[in-house]
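Below is one structure; the comments refer to it alone.
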Amino acid sequence: VYLLSRQQQSDVRAAVRALEDRQWFSPETAKIEILFTVYQPRNNILSATYIYFILNEAGHIHKSLDPFSFNLNPYGNAGLYVIDIIWLLLTLKLFVEESWEIVKHIKQLGLRQGLWQYIDVPNFVDWVSILYAFVMVVLWVLYCQELREIRDLLT
């Protein structure tokens, strides 16, 4: 059931009353989840509050609120772009250096022996860091695209 914003309060009350009249949850219901969203245009922040009602068999209703807020413009100023670009360049530098080190080992000792000599704890940590950074960049780009879509819907 969706109760949309910008509806007349009387329409919302009528919809809620209709839900009550038709007994919209049964004795088998274990959980009711309500999402309440608020947009703060001055700060460009979207807040989502999840309201959970967990019903047990004894009739007790446990209540839980989980609020989440996020800025719809993650790059509020140019300094944030600079910081992200510096981090990305340092990660790319590490990638190039580690790749070059692998190539040197392979040229010097052959594929099998070169990789065997190359693989140690510090190099393993470097590659895990590089892969983790790659995953973070992909997830960050997807997150920023989602925020852009939400911003477009709100404007």
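In the structure tokens, chains take letters A, B, ... by order of appearance, with residues numbered from 1 within each chain and ligands from 1 in the order shown.
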When DSSP works through the backbone of this structure, what residues of chain A end up as alpha helix (DSSP H), shown as a count of residues only? 87
Which residues, written as a ChimeraX atom specification, have at least one atom at most 12 Å from A:Val1, with only C-alpha atoms counted and residues fewer than 6 positions away on the same chain left out? /A:12,15-16,18-19,24,32-35
Skip A:Leu72 itself and residues of its chain fewer than 5 positions away, then list as a compact mmCIF listing (two decimals) with N, CA, C and O atoms, in the first residue's frame all residues within 12 Å of it, counting only C-alpha atoms.
# COMPACT_ATOMS: atom_id res chain seq x y z
N TYR A 39 12.36 14.71 2.43
CA TYR A 39 13.39 15.39 1.64
C TYR A 39 13.59 16.79 2.20
O TYR A 39 12.63 17.52 2.39
N GLN A 40 14.85 17.14 2.46
CA GLN A 40 15.18 18.47 2.97
C GLN A 40 15.90 19.22 1.84
O GLN A 40 17.11 19.09 1.66
N PRO A 41 15.16 20.02 1.06
CA PRO A 41 15.77 20.65 -0.12
C PRO A 41 16.87 21.65 0.22
O PRO A 41 17.81 21.80 -0.55
N ARG A 42 16.78 22.32 1.35
CA ARG A 42 17.81 23.31 1.70
C ARG A 42 19.17 22.64 1.86
O ARG A 42 20.19 23.15 1.43
N ASN A 43 19.19 21.46 2.49
CA ASN A 43 20.43 20.72 2.71
C ASN A 43 20.68 19.63 1.67
O ASN A 43 21.71 18.98 1.70
N ASN A 44 19.71 19.42 0.79
CA ASN A 44 19.78 18.39 -0.24
C ASN A 44 20.00 17.00 0.38
O ASN A 44 20.84 16.23 -0.06
N ILE A 45 19.24 16.72 1.43
CA ILE A 45 19.35 15.46 2.16
C ILE A 45 18.02 14.72 2.09
O ILE A 45 16.96 15.31 2.26
N LEU A 46 18.11 13.44 1.81
CA LEU A 46 16.95 12.58 1.82
C LEU A 46 17.05 11.67 3.03
O LEU A 46 18.08 11.03 3.25
N SER A 47 15.99 11.65 3.83
CA SER A 47 15.96 10.80 5.02
C SER A 47 14.89 9.74 4.83
O SER A 47 13.79 10.03 4.37
N TYR A 143 26.64 4.06 -6.85
CA TYR A 143 25.94 4.84 -5.82
C TYR A 143 25.67 6.26 -6.30
O TYR A 143 24.56 6.78 -6.13
N CYS A 144 26.66 6.89 -6.91
CA CYS A 144 26.48 8.26 -7.42
C CYS A 144 25.43 8.31 -8.53
O CYS A 144 24.67 9.27 -8.62
N GLN A 145 25.39 7.27 -9.36
CA GLN A 145 24.35 7.21 -10.40
C GLN A 145 22.96 7.09 -9.78
O GLN A 145 22.01 7.73 -10.24
N GLU A 146 22.84 6.27 -8.74
CA GLU A 146 21.56 6.15 -8.04
C GLU A 146 21.14 7.48 -7.43
O GLU A 146 19.97 7.87 -7.51
N LEU A 147 22.09 8.19 -6.83
CA LEU A 147 21.77 9.50 -6.25
C LEU A 147 21.33 10.48 -7.33
O LEU A 147 20.41 11.27 -7.10
N ARG A 148 21.96 10.43 -8.49
CA ARG A 148 21.57 11.31 -9.58
C ARG A 148 20.13 11.02 -10.02
O ARG A 148 19.36 11.94 -10.27
N GLU A 149 19.78 9.73 -10.10
CA GLU A 149 18.42 9.38 -10.48
C GLU A 149 17.41 9.88 -9.45
O GLU A 149 16.34 10.38 -9.81
N ILE A 150 17.74 9.77 -8.17
CA ILE A 150 16.85 10.27 -7.12
C ILE A 150 16.73 11.78 -7.21
O ILE A 150 15.62 12.33 -7.12
N ARG A 151 17.85 12.47 -7.42
CA ARG A 151 17.81 13.94 -7.57
C ARG A 151 16.93 14.33 -8.75
O ARG A 151 16.15 15.27 -8.66
N ASP A 152 17.05 13.60 -9.86
CA ASP A 152 16.23 13.91 -11.04
C ASP A 152 14.74 13.72 -10.75
O ASP A 152 13.91 14.46 -11.24
N LEU A 153 14.42 12.70 -9.97
CA LEU A 153 13.01 12.47 -9.61
C LEU A 153 12.46 13.59 -8.72
O LEU A 153 11.28 13.92 -8.80
N LEU A 154 13.32 14.14 -7.87
CA LEU A 154 12.87 15.16 -6.93
C LEU A 154 12.79 16.55 -7.55
O LEU A 154 12.14 17.43 -6.99
N THR A 155 13.45 16.75 -8.67
CA THR A 155 13.42 18.09 -9.28
C THR A 155 12.45 18.15 -10.42
O THR A 155 11.93 17.23 -10.91
Near A:Gln117, within 9 Å and counting only C-alpha atoms, which residues show up once chain neighbours fewer than 5 positions away are dropped, as an NGL selection string? :A and (105 or 109 or 112)
Please report the interatomic distance between atom CA of A:Ser69 and atom CA of A:Gln7 in Å with one decimal.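 One can read the atom CA of A:Ser69 to atom CA of A:Gln7 distance as 23.7 Å.
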List the spatial neighbours of A:Pro27 as a PyMOL selection string - criterion: any atom at most 12 Å away, only C-alpha atoms, same-chain residues fewer than 5 positions off excluded. chain A and resi 55-59
Please dump the current selection as an mmCIF file, in the first residue's frame; keep N, CA and C atoms.
data_model
loop_
_atom_site.group_PDB
_atom_site.id
_atom_site.type_symbol
_atom_site.label_atom_id
_atom_site.label_comp_id
_atom_site.auth_asym_id
_atom_site.auth_seq_id
_atom_site.Cartn_x
_atom_site.Cartn_y
_atom_site.Cartn_z
ATOM 1 N N LEU A 55 5.421 -8.668 15.464
ATOM 2 C CA LEU A 55 4.346 -9.211 16.286
ATOM 3 C C LEU A 55 4.693 -10.649 16.663
ATOM 4 N N ASN A 56 4.670 -10.950 17.951
ATOM 5 C CA ASN A 56 4.936 -12.334 18.341
ATOM 6 C C ASN A 56 3.607 -13.036 18.626
ATOM 7 N N GLU A 57 3.710 -14.335 18.848
ATOM 8 C CA GLU A 57 2.494 -15.137 19.030
ATOM 9 C C GLU A 57 1.761 -14.833 20.331
ATOM 10 N N ALA A 58 2.456 -14.242 21.285
ATOM 11 C CA ALA A 58 1.825 -13.907 22.561
ATOM 12 C C ALA A 58 1.036 -12.607 22.479
ATOM 13 N N GLY A 59 1.153 -11.896 21.356
ATOM 14 C CA GLY A 59 0.403 -10.659 21.196
ATOM 15 C C GLY A 59 1.218 -9.401 21.445
#
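Across the model, the gap from atom CA of A:Asn71 to atom CA of A:Leu90 is 26.4 Å.
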Taking 3 positions as the minimum chain separation for residues in the same chain, which residues sit within 12 Å of stretch 93-103 of chain A when counting only C-alpha atoms? Answer as number ranges by chain. A: 86-90, 106-120, 122-134
Got time to write the residues from that selection, C-alpha atoms, as an mmCIF file, in the first residue's frame?
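Written output follows (selection36.cif):
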data_model
loop_
_atom_site.group_PDB
_atom_site.id
_atom_site.type_symbol
_atom_site.label_atom_id
_atom_site.label_comp_id
_atom_site.auth_asym_id
_atom_site.auth_seq_id
_atom_site.Cartn_x
_atom_site.Cartn_y
_atom_site.Cartn_z
ATOM 1 C CA ILE A 86 44.465 11.930 -5.539
ATOM 2 C CA TRP A 87 43.360 8.649 -3.929
ATOM 3 C CA LEU A 88 42.591 7.148 -7.347
ATOM 4 C CA LEU A 89 45.970 8.244 -8.750
ATOM 5 C CA LEU A 90 47.799 6.728 -5.762
ATOM 6 C CA ILE A 106 58.766 -13.051 -15.039
ATOM 7 C CA LYS A 107 61.389 -11.682 -17.466
ATOM 8 C CA GLN A 108 64.209 -12.513 -15.083
ATOM 9 C CA LEU A 109 63.097 -15.939 -13.813
ATOM 10 C CA GLY A 110 60.392 -17.169 -16.202
ATOM 11 C CA LEU A 111 56.642 -17.390 -15.610
ATOM 12 C CA ARG A 112 56.449 -20.105 -12.958
ATOM 13 C CA GLN A 113 59.581 -19.247 -10.958
ATOM 14 C CA GLY A 114 59.003 -15.482 -11.364
ATOM 15 C CA LEU A 115 55.475 -15.651 -9.939
ATOM 16 C CA TRP A 116 56.617 -17.980 -7.168
ATOM 17 C CA GLN A 117 59.355 -15.523 -6.153
ATOM 18 C CA TYR A 118 56.987 -12.565 -6.439
ATOM 19 C CA ILE A 119 54.221 -13.940 -4.245
ATOM 20 C CA ASP A 120 54.795 -13.009 -0.606
ATOM 21 C CA PRO A 122 53.478 -7.694 1.298
ATOM 22 C CA ASN A 123 52.707 -8.213 -2.402
ATOM 23 C CA PHE A 124 49.560 -10.154 -1.544
ATOM 24 C CA VAL A 125 48.418 -7.279 0.671
ATOM 25 C CA ASP A 126 49.125 -4.819 -2.165
ATOM 26 C CA TRP A 127 46.985 -6.796 -4.620
ATOM 27 C CA VAL A 128 44.160 -7.217 -2.132
ATOM 28 C CA SER A 129 44.252 -3.434 -1.597
ATOM 29 C CA ILE A 130 44.173 -2.814 -5.351
ATOM 30 C CA LEU A 131 41.235 -5.191 -5.879
ATOM 31 C CA TYR A 132 39.377 -3.731 -2.912
ATOM 32 C CA ALA A 133 39.943 -0.215 -4.279
ATOM 33 C CA PHE A 134 38.611 -1.303 -7.680
#
How many Å lie between atom CA of A:Ser64 and atom CA of A:Tyr50, rounded to one decimal?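 So the two atoms, atom CA of A:Ser64 and atom CA of A:Tyr50, lie 8.0 Å apart.
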Closest to A:Met136 among A:Ala48, A:Asp84, A:Phe53, A:Ile61, using only C-alpha atoms?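 Checking each of A:Ala48, A:Asp84, A:Phe53, A:Ile61 against A:Met136, counting only C-alpha atoms, the winner is A:Asp84.
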